[in-house]
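See below for entry.pdb, which holds PDB, C-alpha atoms and all ligand atoms.
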MODEL        1
ATOM      1  CA  MET A  57     151.359 136.405 236.189
ATOM      2  CA  GLU A  58     155.131 136.538 235.832
ATOM      3  CA  PHE A  59     157.009 139.080 237.943
ATOM      4  CA  ASP A  60     158.117 141.696 235.399
ATOM      5  CA  PRO A  61     158.241 145.261 236.702
ATOM      6  CA  GLN A  62     159.099 146.538 233.194
ATOM      7  CA  ALA A  63     156.113 144.892 231.490
ATOM      8  CA  PHE A  64     154.481 148.271 230.786
ATOM      9  CA  GLN A  65     157.483 149.848 229.061
ATOM     10  CA  GLY A  66     156.280 152.068 226.204
ATOM     11  CA  THR A  67     152.579 151.927 227.126
ATOM     12  CA  ALA A  68     152.181 155.084 229.243
ATOM     13  CA  GLU A  69     151.203 157.467 226.438
ATOM     14  CA  TYR A  70     148.365 155.108 225.413
ATOM     15  CA  TYR A  71     147.150 154.412 228.929
ATOM     16  CA  ALA A  72     145.461 157.726 229.587
ATOM     17  CA  ILE A  73     143.697 157.653 226.221
ATOM     18  CA  GLY A  74     142.751 153.997 226.071
ATOM     19  CA  ARG A  75     141.849 152.868 229.577
ATOM     20  CA  PRO A  76     138.291 153.439 230.756
ATOM     21  CA  PRO A  77     137.970 155.377 234.006
ATOM     22  CA  TYR A  78     136.905 153.836 237.295
ATOM     23  CA  SER A  79     133.446 154.471 238.763
ATOM     24  CA  ASP A  80     132.522 158.121 239.148
ATOM     25  CA  GLN A  81     131.564 157.220 242.730
ATOM     26  CA  LEU A  82     135.061 155.973 243.622
ATOM     27  CA  VAL A  83     136.150 159.140 245.430
ATOM     28  CA  ASP A  84     132.984 159.355 247.545
ATOM     29  CA  ILE A  85     133.119 155.674 248.416
ATOM     30  CA  MET A  86     136.807 155.780 249.367
ATOM     31  CA  SER A  87     136.235 158.877 251.446
ATOM     32  CA  ARG A  88     133.258 157.370 253.261
ATOM     33  CA  GLU A  89     134.517 153.805 253.718
ATOM     34  CA  LEU A  90     137.971 154.872 254.943
ATOM     35  CA  SER A  91     136.945 158.084 256.725
ATOM     36  CA  LEU A  92     139.417 160.144 254.692
ATOM     37  CA  ASN A  93     139.338 163.806 255.648
ATOM     38  CA  GLY A  94     142.317 165.501 253.979
ATOM     39  CA  THR A  95     144.869 164.288 256.516
ATOM     40  CA  GLY A  96     147.282 161.358 256.532
ATOM     41  CA  GLN A  97     149.370 159.760 253.824
ATOM     42  CA  LEU A  98     148.315 157.550 250.911
ATOM     43  CA  LEU A  99     150.754 155.255 249.087
ATOM     44  CA  ASP A 100     149.622 154.172 245.615
ATOM     45  CA  VAL A 101     151.547 151.150 244.367
ATOM     46  CA  GLY A 102     151.822 150.576 240.611
ATOM     47  CA  CYS A 103     150.480 154.078 240.038
ATOM     48  CA  GLY A 104     150.808 153.954 236.245
ATOM     49  CA  PRO A 105     150.119 157.372 234.676
ATOM     50  CA  GLY A 106     148.657 158.837 237.860
ATOM     51  CA  VAL A 107     145.189 157.320 237.491
ATOM     52  CA  LEU A 108     144.359 157.186 241.198
ATOM     53  CA  GLU A 109     146.453 160.259 242.103
ATOM     54  CA  LEU A 110     144.176 162.429 239.976
ATOM     55  CA  GLU A 111     141.161 161.114 241.882
ATOM     56  CA  LEU A 112     142.334 160.411 245.415
ATOM     57  CA  ALA A 113     145.178 162.822 246.244
ATOM     58  CA  ARG A 114     142.630 165.417 247.366
ATOM     59  CA  LEU A 115     141.410 163.068 250.106
ATOM     60  CA  VAL A 116     144.735 163.083 251.977
ATOM     61  CA  ARG A 117     147.510 165.490 252.952
ATOM     62  CA  GLN A 118     150.297 163.671 251.096
ATOM     63  CA  THR A 119     150.369 160.995 248.390
ATOM     64  CA  VAL A 120     153.310 158.809 247.412
ATOM     65  CA  ALA A 121     153.073 157.337 243.902
ATOM     66  CA  LEU A 122     155.242 154.286 243.255
ATOM     67  CA  ASP A 123     155.909 152.547 239.939
ATOM     68  CA  PRO A 124     158.929 150.739 238.452
ATOM     69  CA  GLU A 125     158.311 152.132 234.963
ATOM     70  CA  ALA A 126     159.876 155.553 234.298
ATOM     71  CA  GLY A 127     157.493 156.367 231.421
ATOM     72  CA  MET A 128     154.472 155.848 233.667
ATOM     73  CA  LEU A 129     155.887 158.160 236.338
ATOM     74  CA  ARG A 130     156.642 160.869 233.757
ATOM     75  CA  GLU A 131     153.102 160.660 232.370
ATOM     76  CA  GLY A 132     151.608 160.696 235.869
ATOM     77  CA  GLN A 133     153.633 163.771 236.829
ATOM     78  CA  ARG A 134     152.634 165.558 233.635
ATOM     79  CA  ARG A 135     148.925 164.831 234.092
ATOM     80  CA  CYS A 136     148.880 165.813 237.769
ATOM     81  CA  LEU A 137     150.756 169.032 237.040
ATOM     82  CA  ARG A 138     148.207 169.897 234.368
ATOM     83  CA  ALA A 139     145.331 169.138 236.760
ATOM     84  CA  GLY A 140     146.884 171.179 239.595
ATOM     85  CA  VAL A 141     147.369 168.120 241.821
ATOM     86  CA  GLU A 142     150.491 169.040 243.788
ATOM     87  CA  ASN A 143     150.618 166.826 246.866
ATOM     88  CA  VAL A 144     152.213 163.825 245.147
ATOM     89  CA  ARG A 145     155.767 162.509 245.575
ATOM     90  CA  TRP A 146     156.786 160.201 242.708
ATOM     91  CA  ILE A 147     159.124 157.285 243.382
ATOM     92  CA  GLN A 148     160.550 154.818 240.871
ATOM     93  CA  GLY A 149     160.514 151.340 242.362
ATOM     94  CA  ALA A 150     158.586 148.111 242.768
ATOM     95  CA  ALA A 151     156.125 147.055 245.459
ATOM     96  CA  GLU A 152     158.741 144.632 246.706
ATOM     97  CA  ASP A 153     160.950 147.658 247.572
ATOM     98  CA  ILE A 154     158.401 149.080 250.050
ATOM     99  CA  PRO A 155     160.400 148.194 253.205
ATOM    100  CA  THR A 156     163.427 150.171 251.965
ATOM    101  CA  LEU A 157     161.702 153.238 250.490
ATOM    102  CA  GLY A 158     161.692 155.294 253.655
ATOM    103  CA  VAL A 159     157.963 156.041 253.320
ATOM    104  CA  GLY A 160     156.383 156.915 256.668
ATOM    105  CA  PRO A 161     153.177 155.527 258.177
ATOM    106  CA  CYS A 162     150.212 155.459 255.794
ATOM    107  CA  ARG A 163     146.483 155.686 256.331
ATOM    108  CA  VAL A 164     145.781 154.008 253.001
ATOM    109  CA  VAL A 165     147.806 151.925 250.553
ATOM    110  CA  THR A 166     146.131 151.447 247.161
ATOM    111  CA  PHE A 167     146.855 149.102 244.269
ATOM    112  CA  GLY A 168     144.921 150.053 241.105
ATOM    113  CA  GLN A 169     144.982 146.958 238.894
ATOM    114  CA  SER A 170     148.513 146.239 240.048
ATOM    115  CA  PHE A 171     148.313 143.759 242.949
ATOM    116  CA  HIS A 172     148.253 140.766 240.567
ATOM    117  CA  ARG A 173     151.672 141.920 239.334
ATOM    118  CA  VAL A 174     153.460 141.768 242.697
ATOM    119  CA  ARG A 175     154.658 139.050 245.054
ATOM    120  CA  GLN A 176     151.400 139.239 246.936
ATOM    121  CA  LEU A 177     152.025 137.663 250.351
ATOM    122  CA  GLU A 178     155.366 139.391 250.819
ATOM    123  CA  VAL A 179     154.000 142.756 249.679
ATOM    124  CA  ALA A 180     150.786 142.544 251.745
ATOM    125  CA  GLU A 181     152.898 141.918 254.848
ATOM    126  CA  SER A 182     155.111 144.929 254.172
ATOM    127  CA  VAL A 183     151.998 147.055 253.606
ATOM    128  CA  TYR A 184     150.687 145.846 256.970
ATOM    129  CA  ASP A 185     153.876 147.119 258.625
ATOM    130  CA  LEU A 186     153.531 150.486 256.856
ATOM    131  CA  LEU A 187     149.896 151.136 257.801
ATOM    132  CA  GLU A 188     148.782 153.135 260.822
ATOM    133  CA  PRO A 189     146.479 151.240 263.199
ATOM    134  CA  GLY A 190     143.040 151.424 261.549
ATOM    135  CA  GLY A 191     144.644 152.031 258.137
ATOM    136  CA  SER A 192     143.634 150.043 255.070
ATOM    137  CA  LEU A 193     145.039 148.259 252.073
ATOM    138  CA  VAL A 194     142.678 148.739 249.093
ATOM    139  CA  LEU A 195     142.862 146.700 245.886
ATOM    140  CA  ILE A 196     140.975 148.491 243.105
ATOM    141  CA  SER A 197     140.058 146.996 239.751
ATOM    142  CA  ASN A 198     137.320 146.710 237.139
ATOM    143  CA  GLU A 199     135.179 143.589 237.376
ATOM    144  CA  VAL A 200     132.821 142.367 234.673
ATOM    145  CA  ASP A 201     132.450 138.784 235.836
ATOM    146  CA  GLY A 202     129.260 138.252 237.851
ATOM    147  CA  ARG A 203     128.286 141.925 237.706
ATOM    148  CA  PRO A 204     124.852 142.900 236.344
ATOM    149  CA  LEU A 205     125.114 144.186 232.785
ATOM    150  CA  PRO A 206     123.705 147.743 232.621
ATOM    151  CA  ASP A 207     121.817 149.145 229.643
ATOM    152  CA  GLY A 208     124.255 150.487 227.080
ATOM    153  CA  PRO A 209     124.082 153.386 224.634
ATOM    154  CA  GLY A 210     123.284 151.049 221.709
ATOM    155  CA  TYR A 211     126.682 150.626 220.035
ATOM    156  CA  PRO A 212     128.336 147.241 219.385
ATOM    157  CA  ASP A 213     130.685 145.736 221.980
ATOM    158  CA  ILE A 214     134.407 145.807 221.281
ATOM    159  CA  PRO A 215     135.040 142.470 219.476
ATOM    160  CA  ARG A 216     137.498 141.252 222.108
ATOM    161  CA  ALA A 217     137.566 137.593 221.025
ATOM    162  CA  ALA A 218     138.444 138.521 217.428
ATOM    163  CA  VAL A 219     141.119 141.001 218.572
ATOM    164  CA  ARG A 220     142.539 138.312 220.832
ATOM    165  CA  GLU A 221     143.001 135.995 217.843
ATOM    166  CA  LEU A 222     144.639 138.796 215.862
ATOM    167  CA  ILE A 223     147.124 139.461 218.668
ATOM    168  CA  VAL A 224     147.913 135.743 218.945
ATOM    169  CA  ALA A 225     148.433 135.596 215.166
ATOM    170  CA  TYR A 226     151.077 138.321 215.481
ATOM    171  CA  LEU A 227     152.702 137.502 218.809
ATOM    172  CA  GLY A 228     152.316 133.724 218.963
ATOM    173  CA  GLU A 229     150.377 131.180 221.000
ATOM    174  CA  GLY A 230     152.485 131.934 224.086
ATOM    175  CA  THR A 231     150.647 135.268 224.368
ATOM    176  CA  ARG A 232     147.239 133.617 224.765
ATOM    177  CA  GLN A 233     147.686 132.932 228.494
ATOM    178  CA  TYR A 234     147.974 136.686 229.170
ATOM    179  CA  LEU A 235     144.892 137.649 227.179
ATOM    180  CA  GLY A 236     142.319 136.539 229.685
ATOM    181  CA  PRO A 237     139.940 135.557 231.003
ATOM    182  CA  TRP A 238     142.481 135.057 233.799
ATOM    183  CA  LEU A 239     141.656 138.509 235.211
ATOM    184  CA  GLN A 240     138.173 137.329 236.116
ATOM    185  CA  GLY A 241     137.506 136.400 239.711
ATOM    186  CA  LEU A 242     140.586 138.196 241.013
ATOM    187  CA  ALA A 243     138.717 139.416 244.115
ATOM    188  CA  THR A 244     138.299 135.848 245.382
ATOM    189  CA  LYS A 245     141.981 135.172 244.812
ATOM    190  CA  PHE A 246     142.959 138.395 246.588
ATOM    191  CA  GLU A 247     140.600 137.641 249.486
ATOM    192  CA  ASN A 248     142.232 134.216 249.873
ATOM    193  CA  THR A 249     145.696 135.746 249.799
ATOM    194  CA  LEU A 250     144.821 138.372 252.395
ATOM    195  CA  MET A 251     143.409 135.661 254.688
ATOM    196  CA  GLN A 252     146.900 134.215 254.863
ATOM    197  CA  THR A 253     148.445 137.497 256.034
ATOM    198  CA  ARG A 254     148.291 139.374 259.327
ATOM    199  CA  PHE A 255     145.260 141.241 257.940
ATOM    200  CA  GLY A 256     143.424 137.962 258.461
ATOM    201  CA  GLY A 257     140.721 138.819 255.903
ATOM    202  CA  SER A 258     139.113 141.547 253.822
ATOM    203  CA  ARG A 259     135.779 142.817 252.572
ATOM    204  CA  THR A 260     134.797 143.479 248.965
ATOM    205  CA  ILE A 261     132.508 146.256 247.825
ATOM    206  CA  TYR A 262     131.490 147.537 244.400
ATOM    207  CA  ALA A 263     130.997 150.976 242.925
ATOM    208  CA  PRO A 264     128.822 151.121 239.809
ATOM    209  CA  GLY A 265     130.986 151.251 236.681
ATOM    210  CA  ARG A 266     130.533 153.790 233.905
ATOM    211  CA  SER A 267     127.888 152.457 231.541
ATOM    212  CA  ASP A 268     127.973 155.482 229.214
ATOM    213  CA  LEU A 269     131.457 155.134 227.722
ATOM    214  CA  ILE A 270     131.647 155.178 223.935
ATOM    215  CA  SER A 271     135.042 154.479 222.363
ATOM    216  CA  ASP A 272     136.110 155.250 218.809
ATOM    217  CA  VAL A 273     138.627 153.169 216.863
ATOM    218  CA  ASP A 274     141.617 155.291 218.010
ATOM    219  CA  THR A 275     140.625 154.793 221.638
ATOM    220  CA  VAL A 276     140.266 151.033 221.227
ATOM    221  CA  VAL A 277     143.668 150.835 219.518
ATOM    222  CA  ALA A 278     145.171 152.865 222.398
ATOM    223  CA  ASN A 279     143.492 150.502 224.852
ATOM    224  CA  TYR A 280     145.290 147.516 223.328
ATOM    225  CA  TYR A 281     148.610 149.397 223.170
ATOM    226  CA  SER A 282     148.200 150.204 226.890
ATOM    227  CA  MET A 283     148.179 146.504 227.758
ATOM    228  CA  SER A 284     151.418 144.800 228.763
ATOM    229  CA  TYR A 285     150.596 141.808 226.531
ATOM    230  CA  SER A 286     150.112 143.923 223.397
ATOM    231  CA  ALA A 287     152.500 146.813 224.125
ATOM    232  CA  PRO A 288     153.633 148.516 220.894
ATOM    233  CA  ARG A 289     157.265 147.390 221.232
ATOM    234  CA  LEU A 290     156.229 143.705 221.090
ATOM    235  CA  PHE A 291     155.186 144.011 217.432
ATOM    236  CA  GLY A 292     158.643 145.170 216.320
ATOM    237  CA  ASP A 293     158.756 146.018 212.622
ATOM    238  CA  ARG A 294     155.246 144.530 212.076
ATOM    239  CA  ARG A 295     153.573 147.161 214.171
ATOM    240  CA  VAL A 296     152.104 149.193 211.303
ATOM    241  CA  GLU A 297     150.799 145.997 209.713
ATOM    242  CA  PHE A 298     149.199 144.926 213.010
ATOM    243  CA  GLU A 299     147.587 148.300 213.548
ATOM    244  CA  ASP A 300     146.170 148.335 209.998
ATOM    245  CA  ASP A 301     144.674 144.878 210.591
ATOM    246  CA  LEU A 302     143.274 145.898 213.973
ATOM    247  CA  ARG A 303     141.647 149.037 212.582
ATOM    248  CA  ARG A 304     140.149 147.058 209.675
ATOM    249  CA  LEU A 305     138.762 144.443 212.051
ATOM    250  CA  LEU A 306     137.215 147.104 214.293
ATOM    251  CA  CYS A 307     135.578 148.897 211.357
ATOM    252  CA  GLU A 308     134.100 145.600 210.149
ATOM    253  CA  HIS A 309     132.426 145.170 213.539
ATOM    254  CA  SER A 310     131.110 148.715 213.791
ATOM    255  CA  PRO A 311     130.335 150.656 210.615
ATOM    256  CA  THR A 312     130.150 153.888 212.669
ATOM    257  CA  GLY A 313     133.566 153.120 214.201
ATOM    258  CA  LEU A 314     132.041 153.483 217.673
ATOM    259  CA  PHE A 315     131.798 150.892 220.444
ATOM    260  CA  TRP A 316     130.176 150.542 223.839
ATOM    261  CA  ASP A 317     133.044 150.198 226.307
ATOM    262  CA  TRP A 318     131.611 148.962 229.601
ATOM    263  CA  PRO A 319     134.580 148.321 231.912
ATOM    264  CA  GLY A 320     132.512 146.552 234.563
ATOM    265  CA  ASP A 321     131.922 147.753 238.091
ATOM    266  CA  THR A 322     134.786 149.102 240.179
ATOM    267  CA  GLU A 323     135.721 146.525 242.778
ATOM    268  CA  LEU A 324     137.392 147.429 246.066
ATOM    269  CA  VAL A 325     138.929 144.689 248.201
ATOM    270  CA  ILE A 326     139.626 146.361 251.549
ATOM    271  CA  ALA A 327     141.801 144.911 254.304
ATOM    272  CA  THR A 328     142.110 146.946 257.496
ATOM    273  CA  LYS A 329     144.860 146.778 260.111
ATOM    274  CA  PRO A 330     143.344 146.546 263.608
TER     275      PRO A 330
HETATM  276  C1  LIG B 401     147.586 148.016 234.845
HETATM  277  S1  LIG B 401     148.707 149.276 235.390
HETATM  278  C2  LIG B 401     147.736 150.121 236.625
HETATM  279  C3  LIG B 401     147.895 151.611 236.616
HETATM  280  C4  LIG B 401     146.985 152.358 237.586
HETATM  281  N1  LIG B 401     147.294 152.037 238.946
HETATM  282  C5  LIG B 401     145.504 152.133 237.348
HETATM  283  O1  LIG B 401     144.753 151.983 238.328
HETATM  284  O2  LIG B 401     145.055 152.152 236.186
HETATM  285  C6  LIG B 401     149.825 148.350 236.384
HETATM  286  C7  LIG B 401     151.017 149.158 236.863
HETATM  287  O3  LIG B 401     151.740 148.348 237.796
HETATM  288  C8  LIG B 401     153.115 148.574 237.599
HETATM  289  N2  LIG B 401     153.873 147.422 238.132
HETATM  290  C9  LIG B 401     154.225 146.285 237.513
HETATM  291  N3  LIG B 401     154.921 145.487 238.355
HETATM  292  C10 LIG B 401     155.001 146.156 239.532
HETATM  293  C11 LIG B 401     155.596 145.876 240.795
HETATM  294  N4  LIG B 401     156.235 144.728 241.028
HETATM  295  N5  LIG B 401     155.485 146.798 241.772
HETATM  296  C12 LIG B 401     154.818 147.959 241.569
HETATM  297  N6  LIG B 401     154.232 148.267 240.390
HETATM  298  C13 LIG B 401     154.312 147.377 239.394
HETATM  299  C14 LIG B 401     153.258 148.757 236.089
HETATM  300  O4  LIG B 401     154.455 149.433 235.729
HETATM  301  C15 LIG B 401     151.994 149.530 235.756
HETATM  302  O5  LIG B 401     152.210 150.928 235.764
ENDMDL
END

Written form, structure tokens:
Amino acid sequence: MEFDPQAFQGTAEYYAIGRPPYSDQLVDIMSRELSLNGTGQLLDVGCGPGVLELELARLVRQTVALDPEAGMLREGQRRCLRAGVENVRWIQGAAEDIPTLGVGPCRVVTFGQSFHRVRQLEVAESVYDLLEPGGSLVLISNEVDGRPLPDGPGYPDIPRAAVRELIVAYLGEGTRQYLGPWLQGLATKFENTLMQTRFGGSRTIYAPGRSDLISDVDTVVANYYSMSYSAPRLFGDRRVEFEDDLRRLLCEHSPTGLFWDWPGDTELVIATKP
């Protein structure tokens, strides 16, 4: 993955609509595994539109939300304000800026689907310096690969392979490398990376993903527009044409216009500072 802190420019408004939520057990598991009790500070790196802030801010006294993309921070602030989540400080910047941010000791540093976007060894080491003794780095993502497929609600899957070809037809072969399945097996890669740092290792646990999510065509379109590789701006003046084609393709695959959207289980790679 190329280092591009602005890759998500113009995607924030679609993110909240189009991205499936993490496990509904995430908060309980984080609280239990990390002994969070409403004290301490949490830094969330690559916060996007406040996804983890909405869930986890209540587990600590103070949360710092960091993201290089101004649109994401604005959307995160708006959503937290609406939800009455007040203990969040929003900072524009990249993970690589952590040593110069002036953020005090943290009990937890989270990366929700953002660690693959950073210079991992360098950033993991600066997180190590920032953590209190006993504090943890937690890499959170959705994992389908190798996870048992739950029973679904009976709607067709989102036709991801066909959509992939449509995106490549519009944006060129060079896009294919970003369309997956490179995201699969990230936990193993992260575990290997963390072995090479002062953390010296990590443990991986899973929270059951939401098996009841049903997405309509608008939600699936928003999901693709929330991705860095198919962000709306990339289609330029062919955007309307692309969206018409995408909607047609989706309707061909599901006459009801509804899809089963299983995001996989929520994976937590946890590395704790002694
Ligand atoms: C896939 S989104 C994840 C949003 C949210 N954390 C979640 O769990 O859904 C990745 C986020 O990482 C941010 N990002 C990209 N490069 C980054 C970097 N070098 N440092 C910090 N954040 C970065 C992007 O702007 C984007 O908001």

Ground truth for the PyMOL selection byres (((not hetatm)) within 6 of (chain B and resi 401)), written as a VMD selection string: chain A and resid 60 to 61 64 101 to 104 107 to 108 123 to 125 128 150 to 151 168 to 170 173 to 174

Could the residues in this selection be saved with C-alpha atoms as a PDB file, in the coordinates of the input?
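Below you can see selection29.pdb, which holds the result:
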ATOM      1  CA  ASP A  60     158.117 141.696 235.399  1.00  0.00           C
ATOM      2  CA  PRO A  61     158.241 145.261 236.702  1.00  0.00           C
ATOM      3  CA  PHE A  64     154.481 148.271 230.786  1.00  0.00           C
ATOM      4  CA  VAL A 101     151.547 151.150 244.367  1.00  0.00           C
ATOM      5  CA  GLY A 102     151.822 150.576 240.611  1.00  0.00           C
ATOM      6  CA  CYS A 103     150.480 154.078 240.038  1.00  0.00           C
ATOM      7  CA  GLY A 104     150.808 153.954 236.245  1.00  0.00           C
ATOM      8  CA  VAL A 107     145.189 157.320 237.491  1.00  0.00           C
ATOM      9  CA  LEU A 108     144.359 157.186 241.198  1.00  0.00           C
ATOM     10  CA  ASP A 123     155.909 152.547 239.939  1.00  0.00           C
ATOM     11  CA  PRO A 124     158.929 150.739 238.452  1.00  0.00           C
ATOM     12  CA  GLU A 125     158.311 152.132 234.963  1.00  0.00           C
ATOM     13  CA  MET A 128     154.472 155.848 233.667  1.00  0.00           C
ATOM     14  CA  ALA A 150     158.586 148.111 242.768  1.00  0.00           C
ATOM     15  CA  ALA A 151     156.125 147.055 245.459  1.00  0.00           C
ATOM     16  CA  GLY A 168     144.921 150.053 241.105  1.00  0.00           C
ATOM     17  CA  GLN A 169     144.982 146.958 238.894  1.00  0.00           C
ATOM     18  CA  SER A 170     148.513 146.239 240.048  1.00  0.00           C
ATOM     19  CA  ARG A 173     151.672 141.920 239.334  1.00  0.00           C
ATOM     20  CA  VAL A 174     153.460 141.768 242.697  1.00  0.00           C
TER      21      VAL A 174
END

Selection near A:Pro77, 10 Å with all atoms listed in the file, sequence-local residues under 5 positions removed, as a list in words: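 Those residues are Ala72, Val107, Leu108, Asn198, Gly265, Arg266, Leu269, Pro319 and Thr322 of chain A.
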
Neighbour list for A:Gln176 as number ranges by chain, cut-off 12 Å, all atoms listed in the file, skip fewer than 2 positions in-chain: A: 57, 59, 151-152, 167, 170-174, 178-183, 195, 245-253

Would you translate the PyMOL selection byres (((chain A and resi 310) around 12) and not hetatm) into the concrete set of residues it matches in this file, as a PDB file with C-alpha atoms, in the frame of the given file?
ATOM      1  CA  GLY A 210     123.284 151.049 221.709  1.00  0.00           C
ATOM      2  CA  TYR A 211     126.682 150.626 220.035  1.00  0.00           C
ATOM      3  CA  PRO A 212     128.336 147.241 219.385  1.00  0.00           C
ATOM      4  CA  ASP A 213     130.685 145.736 221.980  1.00  0.00           C
ATOM      5  CA  ILE A 214     134.407 145.807 221.281  1.00  0.00           C
ATOM      6  CA  PRO A 215     135.040 142.470 219.476  1.00  0.00           C
ATOM      7  CA  SER A 271     135.042 154.479 222.363  1.00  0.00           C
ATOM      8  CA  ASP A 272     136.110 155.250 218.809  1.00  0.00           C
ATOM      9  CA  VAL A 273     138.627 153.169 216.863  1.00  0.00           C
ATOM     10  CA  ARG A 303     141.647 149.037 212.582  1.00  0.00           C
ATOM     11  CA  ARG A 304     140.149 147.058 209.675  1.00  0.00           C
ATOM     12  CA  LEU A 305     138.762 144.443 212.051  1.00  0.00           C
ATOM     13  CA  LEU A 306     137.215 147.104 214.293  1.00  0.00           C
ATOM     14  CA  CYS A 307     135.578 148.897 211.357  1.00  0.00           C
ATOM     15  CA  GLU A 308     134.100 145.600 210.149  1.00  0.00           C
ATOM     16  CA  HIS A 309     132.426 145.170 213.539  1.00  0.00           C
ATOM     17  CA  PRO A 311     130.335 150.656 210.615  1.00  0.00           C
ATOM     18  CA  THR A 312     130.150 153.888 212.669  1.00  0.00           C
ATOM     19  CA  GLY A 313     133.566 153.120 214.201  1.00  0.00           C
ATOM     20  CA  LEU A 314     132.041 153.483 217.673  1.00  0.00           C
ATOM     21  CA  PHE A 315     131.798 150.892 220.444  1.00  0.00           C
ATOM     22  CA  TRP A 316     130.176 150.542 223.839  1.00  0.00           C
TER      23      TRP A 316
END

Evaluate the PyMOL selection byres (((chain A and resi 328) around 7) and not hetatm) and report residues as a PyMOL selection string: chain A and resi 190-193+255+326-327+329-330

Atom pair atom CA of A:Arg203 / atom CA of A:Leu90: separation (Å):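 Atom-to-atom, atom CA of A:Arg203 to atom CA of A:Leu90, that is 23.6 Å.
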
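Closest to A:Val276 among A:Val219, A:Leu110, A:Leu137, A:Val224 is A:Val219, based on all atoms listed in the file.
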
Two-atom distance - atom CA of A:Ala63, atom CA of A:Cys136 (Å): 23.0 Å

Set up a box along x, y and z of the file covering all listed atoms of stretch 142-160 of chain A, add 4 Å on every one of the six sides, and write the centre and edge lengths in Å to one decimal, as AutoDock Vina command-line options.
--center_x 157.0 --center_y 156.8 --center_z 248.8 --size_x 20.9 --size_y 32.4 --size_z 23.8

Nearest residue to A:Ile73 from the set A:Gly208, A:Ser87, A:Glu188, A:Ala278 (distances using all atoms listed in the file): A:Ala278

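Every protein, DNA or RNA residue with an atom at most 7 Å from stretch 280-288 of chain A, where only C-alpha atoms count and chain neighbours fewer than 3 positions away do not, is listed here: Ala63, Phe64, Gly66, Thr67, Ala68, Tyr70, Tyr71, Gly74, Thr231, Tyr234, Val276, Val277, Phe291 and Arg295 of chain A.
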
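Distance annotation: of A:Ile85, A:Ala139, A:Val164, A:Leu242, the residue with the minimal separation from A:Val116 is A:Val164; atom set is only C-alpha atoms.
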
Test item: residues at most 6 Å from A:Val165, all atoms listed in the file, excluding those fewer than 3 positions along its chain, as a ChimeraX atom specification: /A:98-100,193

Those residues with C-alpha atoms, as a CSV table (one decimal), in the coordinates of the input please?
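Saved to again_13.csv:
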chain,number,residue,atom,x,y,z
A,98,LEU,CA,148.3,157.6,250.9
A,99,LEU,CA,150.8,155.3,249.1
A,100,ASP,CA,149.6,154.2,245.6
A,193,LEU,CA,145.0,148.3,252.1

Length of the atom CA of A:Thr260 to atom CA of A:Asp201 vector [Å]: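 Those two atoms sit 14.1 Å apart.
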
Pick from A:Tyr262, A:Trp318, A:Tyr226, A:Trp146, whichever lies nearest to A:Asp301 using all atoms listed in the file: A:Tyr226

Among listed residues A:Leu112, A:Ile154, A:Cys162, A:Leu290, nearest A:Gln97 (using only C-alpha atoms):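 Looking only at the distances to A:Gln97, the closest residue turns out to be A:Cys162.
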
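Between A:Gly127 and the candidates A:Thr95, A:Asn143, A:Thr244, A:Gln62, the tightest atom-to-atom separation, counting only C-alpha atoms, involves A:Gln62.
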